[in-house]
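Reading through the structure tokens given below for one structure.
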Amino acid sequence: AHYDLIVRNADIATVGDRYRADIGVKGGRISAIAQDLEGSATRELDAAGRLVTPGGVDGHCHFDQPTSDGSKFADDFETGTRSAACGGTTTVLPFALQQRGHSIQAAVDDYHRRAEGKACVDYAFHLIVADATKDVTQRELPQLIEKGYTSFKIYMTYDDLKLGDRQIIEVLATARRHGAMTMIHAENSDCIAWLTEQLLDAGLTAPRYHAASRPMAVEREATHRAIALAELIDTPILIVHVSGREAVEQIHWARGRGLPIHAETCPQYLFLSAEDLGIDENDPMHGARCICSPPPRDKANQQFIWNGLSSGLFTIVSSDHAPFNMNGPDGKRVAGDDASFDRIPNGIPGVETRLPLLMSEGVMAGRIDIHRFVELTATNPARLYGLYPRKGTIAVGGDADLVIWDQFAPGEEITIRNDMLHHAADYTPYEGMKLRAWPATTVSRGRLVWHDGRFDAAPGSGLFLPCLRPRAPRDGNPLEKWL
Ligand code: URP
Ligand code: ZN
Ligand code: ZN
Ligand code: ZN
């Protein structure tokens with residue numbers, strides 16, 4: 001047989017297996033996996049026994065998303081997906097954001113225009129439901145689910161996005177009836193508003209007080225409330241960006257009751273802490289680089305998050321890539337050089353560093369095994385959002401999305417520098433960290449999009465992926481179990 005690409009001598013790792021084989025690619029799909037695969041290829045690549053994992057699926061990132069404070073995301077679909085590719089991620093799921101008073105379809109149309117001609121790797125959309133009117137939950141969402149937009153994010157905080165409990169219930173009921181997945185940003189909005197007011201009144205306005213305005217109790221309460229609402233409607237949810245112990249405990253409690261509560265965490269909760277919001281370096285704004293919500297906590301909380309990765313508590317690790325520049329007028333400084341913490345855009349970049357951080361500090365440091373790595377970064381996000389098995393594993397018939405890893409001995413680590421990354425953001429919060437792994441090659445539908453230190457994919461070559469329903473639609477009344 002003739003292949004477009006053969007990757008020879010791969011040390012293949014999936015959720016279930018680990019073995020040496022050659023991978024034959026035809027028409028962007030894996031068409032054969034065999035030992036000593038026979039046949040020729042337009043291009044052969046010798047993996048030379050290096051670890052090969054499925055292309056990463058980043059289930060939570062923000063590119064070119066409209067904002068309401070005059071700030072601008074540093075990455076559009078071109079630079080965002082370029083950065084993803086160079087960090088081993090071959091599928092991204094950013095968010096089409098509904099504006100209050102407008103339809104979700106308008107947001108979807110707008111977001112397609114932003115992606116088209118720009119995306120370099122494959123992408124699907126989550127929907128952000130910011131206005132859960134009857135028309136939205138009963139007509140629009142069901143239609144959009146039918147068309148391949150099968151997951152939505154809802155917010156319990158942020159004034160322009162948050163839903164009340166009643167609206168959350170309506171969205172969950174729609175998700176149940178139509179087989180969709182709901183992601184929930186769980187922080188108590190009123191608590192944050194009151195604490196922020198107290199801090200500002202006391203003159204405590206520096207970036208570090210961002211963490212004080214959103215303490216763990218704020219996240220714990222909202223996490224519990226989200227779980228209770230999901231229990232009531234009897235439908236699965238995903239709690240996004242879980243930051244520490246008390247939220248983990250709520251999820252553990254829910255699982256013990258047999259509730260289908262999924263949880264996501266992100267590298268910032270493994271590697272950053274609230275102290276990073278306070279480092280000054282003669283620039284009062286310096287800590288703004290690590291402002292995100294929920295805020296990074298402390299070392300003890302980081303350990304709880306690691307424990308949740310190894311124990312199976314977490315379903316996925318996403319980047320929550322939300323890049324704002326430190327310099328210039330439309331990034332972190334949009335409200336000025338001495339803006340109070342509540343006027344600094346939330347979010348940090350990380351789409352490119354997600355996999356290397358977890359491979360180095362998770363797998364190579366012995367905190368999680370390679371199968372769990374694959375599960376958290378590729379297989380589970382693909383399953384959760386209806387992209388499996390086309391994405392998220394290495395199997396015949398699936399897309400040829402692969403990462404071939406370089407792994408380094410102690411003393412030979414690679415040092416993260418922002419100028420080696422491919423996003424458009426002007427900093428990385430992980431500057432100076434030494435890592436023992438980095439993708440040598442990223443294959444996206446058979447194309448070597450990252451190879452020998454070079455990015456090579458045309459803007460617009462990434463495909464939009466309609467998502468399947470992650471679960472069967474369920475009729476029947478969730479009330480039954482309460483009567
Ligand atoms: O601070 C964050 N995480 N900003 C991005 C938006 C979100 O809530 O995920
Ligand atoms: Zn969020
Ligand atoms: Zn600095
Ligand atoms: Zn986010």
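Residues in the structure tokens are named by chain (A, B, ... in the order shown) and by number from 1 within that chain; ligands are numbered from 1 in the order shown.
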
Discussion item. Quick check for you: according to DSSP on this backbone, which residues of stretch 234-476 of chain A are classed as alpha helix (DSSP H)? Reply as number ranges by chain.
Written reply: A: 245-256, 268-271, 299-311, 354-357, 370-374, 380-384

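Near A:Ala409, within 12 Å and counting only C-alpha atoms, sit Ser360, Met364, Ala365, Ile414, Lys434, Leu435, Arg436 and Ala437 of chain A, not including residues fewer than 5 positions from it in the same chain.
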
For chain A against ligand 1, with a cut-off of 8 Å and counting only C-alpha atoms and all ligand atoms, what is the closest atom pair and its distance in Å to one decimal for every residue that makes the cut, ordered by chain and number, as CSV?
residue,atom,partner,partner_atom_place_in_ligand_line,distance
A:His60,CA,ligand 1,9 (O),7.7
A:Cys61,CA,ligand 1,9 (O),7.8
A:His62,CA,ligand 1,5 (C),7.1
A:Tyr155,CA,ligand 1,8 (O),7.6
A:His185,CA,ligand 1,8 (O),6.4
A:Val240,CA,ligand 1,9 (O),7.7
A:His241,CA,ligand 1,9 (O),7.3
A:Ile291,CA,ligand 1,1 (O),6.7
A:Cys292,CA,ligand 1,1 (O),3.3
A:Ser293,CA,ligand 1,1 (O),3.8
A:Pro294,CA,ligand 1,1 (O),6.5
A:Pro295,CA,ligand 1,1 (O),7.6
A:Asp320,CA,ligand 1,9 (O),5.8
A:His321,CA,ligand 1,5 (C),7.3
A:Ala322,CA,ligand 1,5 (C),5.2
A:Pro345,CA,ligand 1,1 (O),7.6
A:Asn346,CA,ligand 1,1 (O),3.9
A:Gly347,CA,ligand 1,1 (O),3.7
A:Ile348,CA,ligand 1,1 (O),7.0

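Within the 6 Å cut-off around stretch 2-14 of chain A, using only C-alpha atoms and omitting residues fewer than 4 positions from it on the same chain, the listed residues are Arg18, Tyr19, Arg20, Ala21, Asp22, Ile23, Gly24, Val25, Lys26, Gly39, Ser40, Ala41, Thr42, Arg43, Glu44, Leu45, Asp46, Ala47, Ala48, Gly49, Arg50, Leu51, Val52, Thr53 and His371 of chain A.
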
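Taking stretch 257-350 of chain A and asking which residues DSSP calls strand (DSSP E or B) on the backbone, you get A:Ile261, A:His262, A:Ala263, A:Glu264, A:Thr265, A:Ile316, A:Val317, A:His321, A:Ile348.
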
Practice prompt. Pick out the residues sitting within 12 Å of A:Gln268, and hand them over as a count of residues only; count only C-alpha atoms, and ignore anything fewer than 5 positions along from it in its own chain.
Written response: 40

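When atom CA of A:Gly462 is paired with atom CA of A:Met181, their separation reads 23.8 Å.
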
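Minimum atom-to-atom distance to ligand 4, evaluated using only C-alpha atoms and all ligand atoms, belongs to A:Gln65 out of A:Gln65, A:Thr90, A:Ser83, A:Gln138.
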
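Distances from A:Gly117, A:Gly164, A:Gly446, A:Pro478 to A:Ala400 were compared using only C-alpha atoms, and the smallest one belongs to A:Gly446.
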
Practice prompt. Give the residues close to ligand 3, within 12 Å, counting only C-alpha atoms and all ligand atoms; write them as a ChimeraX atom specification.
Written response: /A:276-290,326,418,426-432

Based on the selection just made, write C-alpha atoms of those residues as a PDB file, in the first residue's frame.
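In the end it all went to selection-v5.pdb:
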ATOM      1  CA  ASP A 276       2.170  35.553  41.800  1.00  0.00           C
ATOM      2  CA  LEU A 277      -0.413  38.373  41.874  1.00  0.00           C
ATOM      3  CA  GLY A 278       1.732  40.266  44.340  1.00  0.00           C
ATOM      4  CA  ILE A 279       5.206  40.247  42.844  1.00  0.00           C
ATOM      5  CA  ASP A 280       6.027  43.873  42.176  1.00  0.00           C
ATOM      6  CA  GLU A 281       9.358  44.235  40.353  1.00  0.00           C
ATOM      7  CA  ASN A 282       8.864  48.039  40.520  1.00  0.00           C
ATOM      8  CA  ASP A 283       5.728  47.734  38.425  1.00  0.00           C
ATOM      9  CA  PRO A 284       2.457  47.873  40.376  1.00  0.00           C
ATOM     10  CA  MET A 285       0.736  46.137  37.439  1.00  0.00           C
ATOM     11  CA  HIS A 286       3.182  43.233  37.322  1.00  0.00           C
ATOM     12  CA  GLY A 287       0.858  40.851  39.181  1.00  0.00           C
ATOM     13  CA  ALA A 288      -1.903  41.494  36.630  1.00  0.00           C
ATOM     14  CA  ARG A 289      -0.256  38.879  34.411  1.00  0.00           C
ATOM     15  CA  CYS A 290      -1.567  36.161  36.733  1.00  0.00           C
ATOM     16  CA  MET A 326       0.764  43.302  29.557  1.00  0.00           C
ATOM     17  CA  ASN A 418       7.877  33.811  25.795  1.00  0.00           C
ATOM     18  CA  ASP A 426       3.579  39.464  25.139  1.00  0.00           C
ATOM     19  CA  TYR A 427       4.242  37.254  28.161  1.00  0.00           C
ATOM     20  CA  THR A 428       3.822  33.787  29.596  1.00  0.00           C
ATOM     21  CA  PRO A 429       3.217  33.286  33.318  1.00  0.00           C
ATOM     22  CA  TYR A 430       5.566  30.282  33.096  1.00  0.00           C
ATOM     23  CA  GLU A 431       8.629  32.291  31.957  1.00  0.00           C
ATOM     24  CA  GLY A 432      11.832  30.636  33.167  1.00  0.00           C
TER      25      GLY A 432
END

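Computed from the coordinates, the atom CA of A:Ser189 to atom CA of A:Ala222 distance equals 8.9 Å.
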
Fill in: Proximity to ligand 2 - best of A:Ser310, A:Gly328, A:Ala186, A:Asp234, only C-alpha atoms and all ligand atoms
A:Ala186

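If you measure from each of A:Glu375, A:Asp475, A:Glu264, A:Asp456 to ligand 2 using only C-alpha atoms and all ligand atoms, the closest one turns out to be A:Glu264.
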
Worksheet item: Within 12 Å of A:Ile239, counting only C-alpha atoms, which residues qualify if same-chain residues fewer than 6 places away don't, as number ranges by chain?
Response: A: 60, 152-156, 181-187, 219-220, 222-227, 230, 247-248, 250-251, 254, 260-266, 294, 313-318

Kindly export the residues of the current selection with C-alpha atoms, as a PDB file, in the first residue's frame.
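As a result, result.pdb now contains:
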ATOM      1  CA  HIS A  60     -11.552  25.398  26.971  1.00  0.00           C
ATOM      2  CA  PHE A 152     -22.652  25.420  26.402  1.00  0.00           C
ATOM      3  CA  LYS A 153     -20.919  27.383  29.109  1.00  0.00           C
ATOM      4  CA  ILE A 154     -22.890  29.347  31.635  1.00  0.00           C
ATOM      5  CA  TYR A 155     -21.608  31.795  34.228  1.00  0.00           C
ATOM      6  CA  MET A 156     -22.678  32.303  37.818  1.00  0.00           C
ATOM      7  CA  MET A 181     -23.220  19.170  27.940  1.00  0.00           C
ATOM      8  CA  THR A 182     -23.312  22.204  30.237  1.00  0.00           C
ATOM      9  CA  MET A 183     -20.110  23.763  31.551  1.00  0.00           C
ATOM     10  CA  ILE A 184     -20.502  25.947  34.630  1.00  0.00           C
ATOM     11  CA  HIS A 185     -18.264  28.788  35.852  1.00  0.00           C
ATOM     12  CA  ALA A 186     -18.950  28.504  39.573  1.00  0.00           C
ATOM     13  CA  GLU A 187     -18.291  31.621  41.656  1.00  0.00           C
ATOM     14  CA  GLU A 219     -16.131  29.093  44.610  1.00  0.00           C
ATOM     15  CA  ARG A 220     -17.114  26.346  47.061  1.00  0.00           C
ATOM     16  CA  ALA A 222     -21.269  28.146  43.837  1.00  0.00           C
ATOM     17  CA  THR A 223     -19.837  24.708  43.086  1.00  0.00           C
ATOM     18  CA  HIS A 224     -22.223  23.173  45.584  1.00  0.00           C
ATOM     19  CA  ARG A 225     -25.141  25.141  44.164  1.00  0.00           C
ATOM     20  CA  ALA A 226     -24.323  24.060  40.620  1.00  0.00           C
ATOM     21  CA  ILE A 227     -24.181  20.442  41.788  1.00  0.00           C
ATOM     22  CA  ALA A 230     -27.733  19.457  38.253  1.00  0.00           C
ATOM     23  CA  ALA A 247     -14.320  22.863  45.355  1.00  0.00           C
ATOM     24  CA  VAL A 248     -12.617  19.478  44.938  1.00  0.00           C
ATOM     25  CA  GLN A 250     -17.736  19.330  46.812  1.00  0.00           C
ATOM     26  CA  ILE A 251     -17.142  17.363  43.628  1.00  0.00           C
ATOM     27  CA  ALA A 254     -21.231  14.664  44.618  1.00  0.00           C
ATOM     28  CA  PRO A 260     -22.588  12.712  37.098  1.00  0.00           C
ATOM     29  CA  ILE A 261     -20.490  15.756  37.958  1.00  0.00           C
ATOM     30  CA  HIS A 262     -17.437  16.264  35.754  1.00  0.00           C
ATOM     31  CA  ALA A 263     -14.601  18.576  36.683  1.00  0.00           C
ATOM     32  CA  GLU A 264     -11.954  20.512  34.778  1.00  0.00           C
ATOM     33  CA  THR A 265      -8.792  22.075  36.066  1.00  0.00           C
ATOM     34  CA  CYS A 266      -6.069  24.118  34.333  1.00  0.00           C
ATOM     35  CA  PRO A 294     -11.002  31.766  39.989  1.00  0.00           C
ATOM     36  CA  LEU A 313     -11.543  13.057  40.256  1.00  0.00           C
ATOM     37  CA  PHE A 314     -10.831  15.406  37.370  1.00  0.00           C
ATOM     38  CA  THR A 315     -12.230  14.588  33.949  1.00  0.00           C
ATOM     39  CA  ILE A 316     -10.141  16.998  31.881  1.00  0.00           C
ATOM     40  CA  VAL A 317      -7.265  19.474  31.948  1.00  0.00           C
ATOM     41  CA  SER A 318      -7.825  22.497  29.695  1.00  0.00           C
TER      42      SER A 318
END

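Of the listed residues A:His178, A:His102, A:Lys162, A:Lys72, the one whose atoms come nearest to ligand 2 is A:Lys162, with distances taken using only C-alpha atoms and all ligand atoms.
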
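For the set A:Ala32, A:Ile394, A:Ile128, A:Val57, the residue with the smallest atom-to-atom gap to ligand 4 is A:Ile128, counting only C-alpha atoms and all ligand atoms.
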
Please report as a tab-separated table every residue of stretch 209-291 of chain A lying within 12 Å of stretch 465-474 of chain A, along with the nearest atom pair and their distance in Å (one decimal), using only C-alpha atoms.
residue	atom	partner	partner_atom	distance
A:Ile233	CA	A:Arg474	CA	11.0
A:Asp234	CA	A:Arg474	CA	10.0
A:Thr235	CA	A:Arg474	CA	9.1
A:Pro236	CA	A:Arg471	CA	9.5
A:Ile237	CA	A:Pro470	CA	11.5

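Separating atom CA of A:Asp190 from atom CA of A:Lys332 is a distance of 23.9 Å.
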